[in-house]
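Here is the structure we will look at, set down as structure tokens.
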Amino acid sequence: MRNASAFTLAATALALLAGLLPGATARAQSAADLELRGALEAAARGQPVPPQMRNHPAAGWIEYAQLRRGLDTLPSAQAADFLQRYQGQAVAAAFREDWLRALHKRQDWAGIRAAWSPDIGNTALRCIELDARSRLGAADAAWDEAVAAIWRSSGDSLPDACDAPFAALDARGALTPALRWERLELAAAAWNPGVMRAAAAGLPAEERALAEDYAAFVQAPHARALQWPKTPRSRLVASHGLAKFGKASPDAAEAQLPGYAAALGFDEAERGRVLHQIALWTVASYLPDSARRLALVPLAAYDDRLHEWQVREGLARSDWRAALAAIERMPQAQREDPRWTYFEARLHELLGAPERARPLYARAARSPTFHGFLAADRLGAPYALCPMTLDIDASSRARVANTPEIVRAMALLRADRPGWATREWNAALEKFDDRQRRIAVQVAQDNGWFDRAIFGLGRQPEESRLYALRFPLHHDELIRTEARRNGLDPAWIAAEIRAESTFNPRARSPADARGLMQVLPATGAAVARRLGLPWGGAESLYDPATSIRLGSAYLREMKEKYGLPYVAIAAYNAGPAPVQRWQAQRAGMDADFWIETISYRETREYVARVLAFSVIYDWRLHGAAVPVSERMQGRVDAARKPFACPDAAAAAGDEAA
């Protein structure tokens, strides 16, 4: 980055943090927002709504909230009127889906046909419509094909609503044994014996027994398979069953593979399918037989994941030649990823060939990612960054902000209806060109909806360079206060928030982690107790101040326990027990190798992502950044290094962390 740009962007970042620009606007609820929220809540309870709300931009959603509470008894004429009045709007699509489910529950087949829209892609709703057509006597050859297409669409379980059209297809004689076998094979490949049994249920008796035995084998291998007919289907089922077994019990699967392979006549692809899983789940735990089992897998059975694990296995043993050879065996596209280009250079360097390492480092360093930053550190070069600013004139911004869908989306967001807001957002983006879509992301951020940069950008490669949008700065005073209190770098805390919640204070994970820093309630209670703070319960984690206070304190505890930031980041994500195991397995390993050999993919990617985000946030705050190699070791007082855009070609292919 050029010096002038550095100063300008740094000043912009500081202004944002100070709340001087729209990007720092909090998602505060005004009186109008609270009025909408109250109207929606009243409507959902069946209570009167203030008359003036009939003219609100989100009036359709208020009416939707009223109607959906009584769908079981709602007159069809009233539903049709709603759909007609809001035709083409997101609220109509949401209501239509609920209405179709209610009509299905009523068994109102004609009503389903009248309310149907061909734009609906949801599988359960498609099955509801197909069921209605069948009940109304409208099943024909096209109907048969539509139902068969859903039947063969997956080897996993399909919605319960599909059971009736499947039964009707069977009654018409169109659910043929060939179709049943097709789904059974898909289910075998998906390791789903329950679906295999369901598909087998309608087969002729002489075929059903074998099909059920196939399902039993996928559930748990048995010796009866040694007597199966030597057919492609038997080999497919047996190889998938053994592959599934290989994930759970690599040793037993390896011992049993030769017998089944000989009895059924496995070819290389079928043996490779099993050996792939045996090797993968051996090396994923770094068991002693990892290298041998990897070597047994035919090259044709390797995929990107197994190539990567072969590199990690070599790194874990400090066998630099084996790790380098594994990289060299990768497909070219995979090998050229900055991660593997960096490690290829690193291994050449360790093996005494710096002249081969340097051009590889230079190539990797063109990428503004964790491994690109590491490569730049090895070269002593500036970090490559080619930021792009979004030049928005007032009239263009106003046009986007005043688009009805955007107006409704922002109002619903501020009224705490994020799901409905997202429907309106998506409807708006369908109409926007690229420039309007980018402006919409800025409008969303001005309203405190920061994750729209993730979901709204990326359709064009250059959009990765919109760093001000992709890496928002918010709650800066809270972050700075807790950083000082806990002796942490504020860029690190900001990076954790970006990685955990994208600054969404209402974020909640499937594991029940909550708030900006995604703190689990049990962890929050324990940290609050250690700090001597009152614990306000799980709901308190949605408060930004509480989340940042407790999350930063827990991060500091992890740093104090493990000493090194990159290990603390791993512990914040995976918990202490796995980290202790990884430290015991690979004590003293260099930080970059230790991170790459983390067993859990989520944690491995998370650590790299947070470290890269820390560099980006340091740049946003200061126009320069502590080198990531120093940051990993906790040396945040090291001299900051500059950023520079290598050239226009790099800018076009910039892929930020």
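Residues are referred to by chain and number: the chain letter is A, B, ... according to the order shown in the structure tokens, the number counts from 1 in that chain, and ligands are numbered separately from 1 in the order shown.
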Extract, using only C-alpha atoms, all DNA, RNA and protein residues at most 6 Å from region 246-250 of chain A, discarding same-chain residues fewer than 3 positions from it, and format them as a PyMOL selection string.
chain A and resi 242-243+253+277-278+281
Those residues with N, CA, C and O atoms, as a compact mmCIF listing (two decimals), in the first residue's frame please?
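Listing of result_0.txt after writing:
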```
# COMPACT_ATOMS: atom_id res chain seq x y z
N LEU A 242 -17.30 -51.03 4.27
CA LEU A 242 -15.97 -51.13 4.87
C LEU A 242 -15.33 -49.75 5.06
O LEU A 242 -14.60 -49.53 6.03
N ALA A 243 -15.62 -48.82 4.14
CA ALA A 243 -15.10 -47.46 4.30
C ALA A 243 -15.69 -46.82 5.55
O ALA A 243 -14.97 -46.18 6.33
N ALA A 253 -10.89 -52.68 10.09
CA ALA A 253 -11.22 -52.57 8.67
C ALA A 253 -10.05 -53.02 7.81
O ALA A 253 -10.24 -53.72 6.80
N GLN A 277 -10.34 -44.22 3.67
CA GLN A 277 -10.92 -43.94 4.98
C GLN A 277 -10.05 -44.49 6.11
O GLN A 277 -9.90 -43.85 7.16
N ILE A 278 -9.47 -45.67 5.89
CA ILE A 278 -8.58 -46.24 6.92
C ILE A 278 -7.40 -45.30 7.16
O ILE A 278 -7.05 -44.99 8.31
N TRP A 281 -8.56 -41.69 8.82
CA TRP A 281 -8.90 -41.66 10.24
C TRP A 281 -7.77 -42.18 11.11
O TRP A 281 -7.82 -42.05 12.33
```
With DSSP run on the backbone, what are the strand (DSSP E or B) residues within region 365-611 of chain A? I'd like them as a ChimeraX atom specification.
/A:383-384,508,514,519
Compile the contact shell of Ala79 (chain A) as number ranges by chain: residues with an atom at most 12 Å away, counting only C-alpha atoms, same-chain residues fewer than 4 positions apart removed.
A: 63-64, 66-68, 70-75, 83-87, 92, 95-100, 102-103, 111-112, 114-115
Arg435 (chain A) environment, 10 Å, only C-alpha atoms, sequence neighbours closer than 2 positions dropped, as a list of chain:residue names
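Using only C-alpha atoms, the neighbours found are A:Leu390, A:Asp391, A:Ile392, A:Ser396, A:Val400, A:Phe432, A:Asp433, A:Arg437, A:Arg438, A:Ile439, A:Ala440.
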Requested write-out: all heavy atoms of the selected residues, as a tab-separated table (two decimals), in the first residue's frame:
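Writing the result to out11.tsv gives the following:
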```tsv
chain	number	residue	atom	x	y	z
A	390	LEU	N	-15.04	2.08	-1.51
A	390	LEU	CA	-16.35	2.17	-2.15
A	390	LEU	C	-16.74	3.63	-2.20
A	390	LEU	O	-17.06	4.25	-1.18
A	390	LEU	CB	-17.38	1.36	-1.36
A	390	LEU	CG	-18.75	1.16	-1.99
A	390	LEU	CD1	-18.63	0.43	-3.31
A	390	LEU	CD2	-19.65	0.38	-1.04
A	391	ASP	N	-16.68	4.19	-3.38
A	391	ASP	CA	-17.00	5.60	-3.57
A	391	ASP	C	-18.52	5.73	-3.78
A	391	ASP	O	-19.05	5.37	-4.82
A	391	ASP	CB	-16.23	6.15	-4.78
A	391	ASP	CG	-16.45	7.64	-4.96
A	391	ASP	OD1	-16.86	8.29	-3.99
A	391	ASP	OD2	-16.20	8.13	-6.08
A	392	ILE	N	-19.18	6.24	-2.76
A	392	ILE	CA	-20.64	6.32	-2.80
A	392	ILE	C	-21.07	7.79	-2.77
A	392	ILE	O	-20.77	8.50	-1.80
A	392	ILE	CB	-21.28	5.59	-1.60
A	392	ILE	CG1	-20.75	4.16	-1.48
A	392	ILE	CG2	-22.80	5.58	-1.73
A	392	ILE	CD1	-21.24	3.44	-0.25
A	396	SER	N	-26.79	8.09	-4.90
A	396	SER	CA	-26.78	6.64	-5.10
A	396	SER	C	-27.10	5.92	-3.80
A	396	SER	O	-27.86	4.93	-3.78
A	396	SER	CB	-25.42	6.18	-5.63
A	396	SER	OG	-25.16	6.72	-6.90
A	400	VAL	N	-30.49	3.44	-2.94
A	400	VAL	CA	-30.43	2.08	-2.40
A	400	VAL	C	-31.11	2.03	-1.04
A	400	VAL	O	-31.92	1.14	-0.76
A	400	VAL	CB	-28.97	1.60	-2.31
A	400	VAL	CG1	-28.87	0.31	-1.50
A	400	VAL	CG2	-28.39	1.40	-3.70
A	432	PHE	N	-30.64	-5.90	-7.43
A	432	PHE	CA	-29.54	-4.94	-7.51
A	432	PHE	C	-28.47	-5.38	-8.49
A	432	PHE	O	-28.21	-6.59	-8.66
A	432	PHE	CB	-28.89	-4.76	-6.14
A	432	PHE	CG	-29.71	-3.99	-5.15
A	432	PHE	CD1	-29.41	-4.03	-3.80
A	432	PHE	CD2	-30.78	-3.20	-5.55
A	432	PHE	CE1	-30.14	-3.31	-2.88
A	432	PHE	CE2	-31.53	-2.48	-4.64
A	432	PHE	CZ	-31.21	-2.54	-3.30
A	433	ASP	N	-27.80	-4.40	-9.09
A	433	ASP	CA	-26.57	-4.70	-9.82
A	433	ASP	C	-25.42	-4.71	-8.82
A	433	ASP	O	-25.63	-4.50	-7.61
A	433	ASP	CB	-26.34	-3.69	-10.95
A	433	ASP	CG	-26.19	-2.25	-10.46
A	433	ASP	OD1	-25.81	-2.02	-9.30
A	433	ASP	OD2	-26.46	-1.33	-11.26
A	437	ARG	N	-25.49	-3.49	-4.91
A	437	ARG	CA	-25.32	-4.50	-3.86
A	437	ARG	C	-24.24	-4.06	-2.87
A	437	ARG	O	-24.39	-4.23	-1.65
A	437	ARG	CB	-24.96	-5.83	-4.52
A	437	ARG	CG	-24.68	-6.96	-3.56
A	437	ARG	CD	-24.58	-8.28	-4.30
A	437	ARG	NE	-23.76	-8.20	-5.49
A	437	ARG	CZ	-22.41	-8.20	-5.48
A	437	ARG	NH1	-21.76	-8.28	-4.33
A	437	ARG	NH2	-21.73	-8.13	-6.61
A	438	ARG	N	-23.14	-3.49	-3.37
A	438	ARG	CA	-22.08	-3.04	-2.47
A	438	ARG	C	-22.55	-1.87	-1.62
A	438	ARG	O	-22.23	-1.79	-0.42
A	438	ARG	CB	-20.86	-2.63	-3.30
A	438	ARG	CG	-20.22	-3.80	-4.04
A	438	ARG	CD	-19.25	-3.31	-5.11
A	438	ARG	NE	-18.75	-4.42	-5.92
A	438	ARG	CZ	-18.05	-4.27	-7.03
A	438	ARG	NH1	-17.76	-3.04	-7.47
A	438	ARG	NH2	-17.64	-5.31	-7.71
A	439	ILE	N	-23.31	-0.98	-2.22
A	439	ILE	CA	-23.85	0.14	-1.44
A	439	ILE	C	-24.80	-0.39	-0.36
A	439	ILE	O	-24.81	0.11	0.77
A	439	ILE	CB	-24.57	1.14	-2.36
A	439	ILE	CG1	-23.56	1.79	-3.32
A	439	ILE	CG2	-25.27	2.22	-1.54
A	439	ILE	CD1	-24.20	2.66	-4.40
A	440	ALA	N	-25.58	-1.41	-0.70
A	440	ALA	CA	-26.50	-2.00	0.28
A	440	ALA	C	-25.74	-2.54	1.48
A	440	ALA	O	-26.21	-2.44	2.63
A	440	ALA	CB	-27.32	-3.11	-0.38
```
What parts of region 389-578 of chain A does DSSP call helix (DSSP H, G or I)? I'd like the answer as a PyMOL selection string.
chain A and resi 394-401+404-414+418-431+434-446+452-456+461-465+467-470+476-486+490-500+521-531+538-542+544-562+565-574+576-578
Keeping only C-alpha atoms, write those residues as a compact mmCIF listing (two decimals), in the first residue's frame.
```
# COMPACT_ATOMS: atom_id res chain seq x y z
CA ALA A 394 -25.23 10.74 -1.67
CA SER A 395 -27.86 10.23 -4.35
CA SER A 396 -26.78 6.64 -5.10
CA ARG A 397 -26.77 5.77 -1.43
CA ALA A 398 -30.19 7.33 -0.96
CA ARG A 399 -31.63 5.37 -3.87
CA VAL A 400 -30.43 2.08 -2.40
CA ALA A 401 -31.33 2.98 1.19
CA PRO A 404 -38.65 -0.62 -0.27
CA GLU A 405 -36.99 -3.96 0.48
CA ILE A 406 -34.02 -2.27 2.15
CA VAL A 407 -36.25 0.06 4.15
CA ARG A 408 -38.23 -2.93 5.41
CA ALA A 409 -35.08 -4.97 6.05
CA MET A 410 -33.49 -2.29 8.22
CA ALA A 411 -36.71 -1.60 10.10
CA LEU A 412 -37.20 -5.31 10.84
CA LEU A 413 -33.59 -5.66 11.91
CA ARG A 414 -33.90 -2.81 14.38
CA PRO A 418 -33.39 -10.71 11.84
CA GLY A 419 -34.91 -13.66 9.97
CA TRP A 420 -37.56 -11.52 8.34
CA ALA A 421 -35.00 -8.79 7.71
CA THR A 422 -32.84 -11.33 5.88
CA ARG A 423 -35.75 -12.28 3.62
CA GLU A 424 -36.17 -8.64 2.62
CA TRP A 425 -32.41 -8.25 2.19
CA ASN A 426 -32.22 -11.24 -0.15
CA ALA A 427 -35.17 -9.93 -2.15
CA ALA A 428 -33.39 -6.59 -2.57
CA LEU A 429 -30.14 -8.20 -3.72
CA GLU A 430 -31.98 -10.12 -6.43
CA LYS A 431 -32.84 -6.76 -8.01
CA ASP A 434 -23.07 -5.10 -8.38
CA ARG A 435 -22.65 -1.46 -7.42
CA GLN A 436 -26.05 -1.28 -5.73
CA ARG A 437 -25.32 -4.50 -3.86
CA ARG A 438 -22.08 -3.04 -2.47
CA ILE A 439 -23.85 0.14 -1.44
CA ALA A 440 -26.50 -2.00 0.28
CA VAL A 441 -23.76 -3.61 2.36
CA GLN A 442 -22.63 -0.15 3.47
CA VAL A 443 -26.22 0.79 4.32
CA ALA A 444 -26.54 -2.39 6.36
CA GLN A 445 -23.37 -1.59 8.27
CA ASP A 446 -24.61 1.91 8.99
CA ARG A 452 -24.00 -8.50 5.42
CA ALA A 453 -20.44 -7.98 4.15
CA ILE A 454 -20.01 -11.75 4.35
CA PHE A 455 -23.34 -12.59 2.73
CA GLY A 456 -23.53 -9.63 0.37
CA PRO A 461 -13.36 -11.22 -7.07
CA GLU A 462 -12.38 -7.62 -6.44
CA GLU A 463 -14.96 -7.34 -3.64
CA SER A 464 -12.59 -9.16 -1.31
CA ARG A 465 -10.62 -5.91 -1.32
CA TYR A 467 -11.67 -4.23 3.73
CA ALA A 468 -13.54 -1.40 5.43
CA LEU A 469 -16.76 -3.33 4.84
CA ARG A 470 -15.41 -6.82 5.42
CA ASP A 476 -14.08 0.26 20.11
CA GLU A 477 -14.13 1.77 23.59
CA LEU A 478 -15.26 -1.51 25.12
CA ILE A 479 -12.56 -3.36 23.19
CA ARG A 480 -9.84 -0.91 24.19
CA THR A 481 -10.92 -0.92 27.84
CA GLU A 482 -10.91 -4.71 28.10
CA ALA A 483 -7.67 -4.96 26.14
CA ARG A 484 -5.98 -2.67 28.68
CA ARG A 485 -7.58 -4.48 31.61
CA ASN A 486 -6.39 -7.89 30.40
CA PRO A 490 -7.09 -4.67 20.91
CA ALA A 491 -6.57 -5.89 17.33
CA TRP A 492 -6.63 -9.45 18.69
CA ILE A 493 -9.93 -8.91 20.50
CA ALA A 494 -11.44 -7.27 17.41
CA ALA A 495 -10.25 -10.24 15.33
CA GLU A 496 -11.86 -12.69 17.76
CA ILE A 497 -15.17 -10.83 17.51
CA ARG A 498 -14.96 -10.76 13.71
CA ALA A 499 -14.24 -14.49 13.60
CA GLU A 500 -16.86 -15.42 16.20
CA PRO A 521 -23.14 -19.75 29.44
CA ALA A 522 -21.19 -22.15 31.68
CA THR A 523 -17.91 -20.47 30.72
CA GLY A 524 -19.41 -17.02 31.25
CA ALA A 525 -20.68 -17.96 34.71
CA ALA A 526 -17.29 -19.40 35.69
CA VAL A 527 -15.34 -16.37 34.44
CA ALA A 528 -17.75 -13.97 36.16
CA ARG A 529 -17.28 -15.88 39.42
CA ARG A 530 -13.48 -15.73 39.10
CA LEU A 531 -13.68 -11.98 38.42
CA ALA A 538 -27.12 -16.68 29.76
CA GLU A 539 -29.18 -13.80 28.32
CA SER A 540 -26.64 -11.31 29.66
CA LEU A 541 -24.11 -12.59 27.11
CA TYR A 542 -26.09 -10.78 24.41
CA PRO A 544 -21.92 -6.28 24.19
CA ALA A 545 -20.24 -5.00 27.35
CA THR A 546 -20.79 -8.29 29.17
CA SER A 547 -19.66 -10.39 26.22
CA ILE A 548 -16.48 -8.40 25.63
CA ARG A 549 -15.69 -8.25 29.36
CA LEU A 550 -16.07 -11.99 29.93
CA GLY A 551 -14.72 -13.07 26.54
CA SER A 552 -11.59 -10.95 26.88
CA ALA A 553 -11.01 -12.19 30.42
CA TYR A 554 -11.32 -15.80 29.26
CA LEU A 555 -8.92 -15.10 26.41
CA ARG A 556 -6.45 -13.67 28.91
CA GLU A 557 -6.86 -16.79 31.08
CA MET A 558 -6.05 -18.98 28.09
CA LYS A 559 -2.99 -16.87 27.30
CA GLU A 560 -1.77 -17.06 30.89
CA LYS A 561 -2.31 -20.81 30.93
CA TYR A 562 -0.60 -21.59 27.63
CA PRO A 565 -1.29 -16.46 21.72
CA TYR A 566 -1.71 -19.03 18.96
CA VAL A 567 -2.20 -21.79 21.55
CA ALA A 568 -4.61 -19.57 23.49
CA ILE A 569 -6.62 -18.99 20.30
CA ALA A 570 -6.83 -22.75 19.76
CA ALA A 571 -8.00 -23.23 23.35
CA TYR A 572 -10.61 -20.48 22.98
CA ASN A 573 -12.09 -22.42 20.06
CA ALA A 574 -11.58 -26.07 20.97
CA PRO A 576 -8.41 -26.90 27.04
CA ALA A 577 -8.49 -30.72 26.76
CA PRO A 578 -7.68 -31.05 23.02
```
Using only C-alpha atoms, which protein or nucleic acid residues come within 10 Å of Ser234 (chain A)? Drop anything in the same chain fewer than 3 positions from it, and give the result as a ChimeraX atom specification.
/A:185,210-211,214,225-226,228-231,237-240,264-266
Contacts of Gln107 (chain A) within 10 Å, only C-alpha atoms, excl. fewer than 5 positions in-chain, as a list in words:
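The filter keeps Arg101, Ala102, Ile112, Ile128, Asp131, Ala132 and Arg135 of chain A.
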Given the selection you just returned, output its residues as a file containing N, CA and C atoms, formatted as a short mmCIF file (atom, residue, chain, number, x, y, z; two decimals), in the first residue's frame.
```
data_model
loop_
_atom_site.label_atom_id
_atom_site.label_comp_id
_atom_site.auth_asym_id
_atom_site.auth_seq_id
_atom_site.Cartn_x
_atom_site.Cartn_y
_atom_site.Cartn_z
N ARG A 101 -48.18 -25.25 4.35
CA ARG A 101 -48.07 -26.27 5.42
C ARG A 101 -49.40 -26.40 6.16
N ALA A 102 -50.04 -25.26 6.41
CA ALA A 102 -51.34 -25.30 7.09
C ALA A 102 -52.39 -26.02 6.23
N ILE A 112 -54.08 -26.05 -1.77
CA ILE A 112 -52.64 -26.14 -2.02
C ILE A 112 -52.33 -25.80 -3.47
N ILE A 128 -45.42 -31.53 -0.84
CA ILE A 128 -46.79 -31.20 -0.49
C ILE A 128 -47.61 -30.92 -1.75
N ASP A 131 -48.20 -34.13 -3.65
CA ASP A 131 -49.22 -34.91 -2.96
C ASP A 131 -50.61 -34.39 -3.32
N ALA A 132 -50.76 -33.06 -3.34
CA ALA A 132 -52.06 -32.48 -3.69
C ALA A 132 -52.46 -32.84 -5.11
N ARG A 135 -53.75 -36.37 -5.13
CA ARG A 135 -55.07 -36.53 -4.49
C ARG A 135 -56.19 -35.99 -5.38
#
```
Between CA of Ala345 (chain A) and CA of Arg366 (chain A), what is the distance, to one decimal in Å?
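Result for CA of Ala345 (chain A) versus CA of Arg366 (chain A): 14.0 Å, one decimal.
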Please report the interatomic distance between CA of Ala90 (chain A) and CA of Leu158 (chain A) in Å with one decimal.
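Straight-line distance from CA of Ala90 (chain A) to CA of Leu158 (chain A) works out to 26.1 Å.
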With only C-alpha atoms as the basis for distance, which of A:Gly563, A:Pro627, A:Pro646, A:Gly241 is at the shortest distance from Trp191 (chain A)?
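Using only C-alpha atoms, Trp191 (chain A) sits closest to A:Gly241.
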Can you pull out every residue within 12 Å of Asp289 (chain A), counting only C-alpha atoms, but drop anything in the same chain fewer than 3 positions away, and send it as a PyMOL selection string?
chain A and resi 250-251+254+278-286+292-296+313
Write a file of the selected residues as a short mmCIF file (atom, residue, chain, number, x, y, z; two decimals), in the first residue's frame, keeping all heavy atoms.
```cif
data_model
loop_
_atom_site.label_atom_id
_atom_site.label_comp_id
_atom_site.auth_asym_id
_atom_site.auth_seq_id
_atom_site.Cartn_x
_atom_site.Cartn_y
_atom_site.Cartn_z
N PRO A 250 -10.21 -48.29 12.19
CA PRO A 250 -9.24 -48.48 11.10
C PRO A 250 -8.50 -49.81 11.16
O PRO A 250 -8.28 -50.45 10.12
CB PRO A 250 -8.28 -47.30 11.28
CG PRO A 250 -9.05 -46.27 12.04
CD PRO A 250 -9.96 -47.04 12.93
N ASP A 251 -8.12 -50.25 12.34
CA ASP A 251 -7.37 -51.50 12.46
C ASP A 251 -8.20 -52.69 11.99
O ASP A 251 -7.74 -53.53 11.20
CB ASP A 251 -6.92 -51.72 13.90
CG ASP A 251 -5.87 -50.72 14.36
OD1 ASP A 251 -5.31 -50.02 13.50
OD2 ASP A 251 -5.63 -50.63 15.58
N GLU A 254 -8.84 -52.63 8.19
CA GLU A 254 -7.68 -53.06 7.41
C GLU A 254 -7.52 -54.57 7.46
O GLU A 254 -7.19 -55.20 6.45
CB GLU A 254 -6.42 -52.38 7.94
CG GLU A 254 -5.19 -52.73 7.10
CD GLU A 254 -3.93 -52.05 7.61
OE1 GLU A 254 -3.74 -51.97 8.84
OE2 GLU A 254 -3.13 -51.61 6.76
N ILE A 278 -9.47 -45.67 5.89
CA ILE A 278 -8.58 -46.24 6.92
C ILE A 278 -7.40 -45.30 7.16
O ILE A 278 -7.05 -44.99 8.31
CB ILE A 278 -8.09 -47.63 6.48
CG1 ILE A 278 -9.25 -48.64 6.48
CG2 ILE A 278 -6.95 -48.12 7.38
CD1 ILE A 278 -8.91 -49.97 5.85
N ALA A 279 -6.81 -44.82 6.08
CA ALA A 279 -5.66 -43.92 6.21
C ALA A 279 -6.07 -42.58 6.81
O ALA A 279 -5.39 -42.04 7.70
CB ALA A 279 -5.01 -43.70 4.85
N LEU A 280 -7.20 -42.04 6.35
CA LEU A 280 -7.63 -40.72 6.80
C LEU A 280 -7.85 -40.70 8.30
O LEU A 280 -7.38 -39.79 9.00
CB LEU A 280 -8.91 -40.32 6.06
CG LEU A 280 -9.53 -38.97 6.47
CD1 LEU A 280 -8.57 -37.84 6.15
CD2 LEU A 280 -10.86 -38.77 5.75
N TRP A 281 -8.56 -41.69 8.82
CA TRP A 281 -8.90 -41.66 10.24
C TRP A 281 -7.77 -42.18 11.11
O TRP A 281 -7.82 -42.05 12.33
CB TRP A 281 -10.21 -42.39 10.47
CG TRP A 281 -11.30 -41.65 9.75
CD1 TRP A 281 -11.89 -41.99 8.57
CD2 TRP A 281 -11.83 -40.38 10.12
NE1 TRP A 281 -12.77 -41.02 8.17
CE2 TRP A 281 -12.77 -40.02 9.11
CE3 TRP A 281 -11.63 -39.52 11.19
CZ2 TRP A 281 -13.50 -38.84 9.16
CZ3 TRP A 281 -12.36 -38.34 11.24
CH2 TRP A 281 -13.27 -38.01 10.24
N THR A 282 -6.76 -42.76 10.50
CA THR A 282 -5.53 -43.07 11.24
C THR A 282 -4.67 -41.82 11.37
O THR A 282 -4.23 -41.46 12.46
CB THR A 282 -4.74 -44.19 10.53
OG1 THR A 282 -5.56 -45.36 10.43
CG2 THR A 282 -3.47 -44.52 11.30
N VAL A 283 -4.48 -41.14 10.25
CA VAL A 283 -3.60 -39.98 10.27
C VAL A 283 -4.25 -38.81 10.99
O VAL A 283 -3.55 -37.98 11.58
CB VAL A 283 -3.18 -39.58 8.84
CG1 VAL A 283 -4.34 -39.01 8.04
CG2 VAL A 283 -2.03 -38.58 8.85
N ALA A 284 -5.57 -38.71 10.97
CA ALA A 284 -6.24 -37.61 11.66
C ALA A 284 -5.99 -37.65 13.16
O ALA A 284 -6.12 -36.64 13.85
CB ALA A 284 -7.74 -37.63 11.38
N SER A 285 -5.62 -38.82 13.67
CA SER A 285 -5.25 -38.97 15.08
C SER A 285 -3.75 -39.16 15.26
O SER A 285 -3.29 -39.41 16.37
CB SER A 285 -5.99 -40.16 15.71
OG SER A 285 -7.39 -39.96 15.66
N TYR A 286 -3.00 -39.04 14.14
CA TYR A 286 -1.54 -39.20 14.16
C TYR A 286 -1.13 -40.52 14.84
O TYR A 286 -0.23 -40.56 15.66
CB TYR A 286 -0.87 -38.01 14.85
CG TYR A 286 -1.08 -36.71 14.12
CD1 TYR A 286 -1.94 -35.74 14.62
CD2 TYR A 286 -0.46 -36.46 12.90
CE1 TYR A 286 -2.16 -34.54 13.94
CE2 TYR A 286 -0.67 -35.27 12.22
CZ TYR A 286 -1.52 -34.32 12.74
OH TYR A 286 -1.73 -33.15 12.07
N ARG A 292 2.42 -45.61 6.87
CA ARG A 292 2.26 -46.85 6.11
C ARG A 292 0.90 -46.92 5.43
O ARG A 292 0.79 -47.29 4.26
CB ARG A 292 2.43 -48.05 7.06
CG ARG A 292 2.28 -49.40 6.37
CD ARG A 292 2.38 -50.56 7.35
NE ARG A 292 1.28 -50.56 8.30
CZ ARG A 292 0.06 -51.04 8.05
NH1 ARG A 292 -0.22 -51.53 6.84
NH2 ARG A 292 -0.86 -51.03 8.98
N ARG A 293 -0.14 -46.53 6.15
CA ARG A 293 -1.48 -46.62 5.58
C ARG A 293 -1.69 -45.58 4.48
O ARG A 293 -2.40 -45.84 3.51
CB ARG A 293 -2.53 -46.47 6.69
CG ARG A 293 -2.63 -47.74 7.53
CD ARG A 293 -3.56 -47.63 8.70
NE ARG A 293 -3.72 -48.94 9.35
CZ ARG A 293 -4.26 -49.13 10.54
NH1 ARG A 293 -4.70 -48.09 11.24
NH2 ARG A 293 -4.36 -50.34 11.05
N LEU A 294 -1.10 -44.42 4.62
CA LEU A 294 -1.16 -43.44 3.55
C LEU A 294 -0.50 -43.97 2.28
O LEU A 294 -0.98 -43.76 1.17
CB LEU A 294 -0.49 -42.13 3.98
CG LEU A 294 -1.30 -41.25 4.94
CD1 LEU A 294 -0.39 -40.21 5.58
CD2 LEU A 294 -2.45 -40.56 4.22
N ALA A 295 0.59 -44.67 2.45
CA ALA A 295 1.32 -45.21 1.30
C ALA A 295 0.53 -46.30 0.59
O ALA A 295 0.75 -46.55 -0.60
CB ALA A 295 2.68 -45.74 1.75
N LEU A 296 -0.39 -46.96 1.29
CA LEU A 296 -1.18 -48.04 0.68
C LEU A 296 -2.31 -47.52 -0.21
O LEU A 296 -2.84 -48.26 -1.03
CB LEU A 296 -1.77 -48.93 1.78
CG LEU A 296 -0.79 -49.80 2.58
CD1 LEU A 296 -1.53 -50.51 3.71
CD2 LEU A 296 -0.12 -50.81 1.66
N GLU A 313 1.09 -35.29 8.25
CA GLU A 313 1.72 -36.45 8.88
C GLU A 313 3.24 -36.32 8.85
O GLU A 313 3.92 -36.60 9.84
CB GLU A 313 1.26 -37.73 8.17
CG GLU A 313 1.60 -39.02 8.89
CD GLU A 313 3.04 -39.48 8.66
OE1 GLU A 313 3.59 -39.13 7.59
OE2 GLU A 313 3.60 -40.16 9.54
#
```
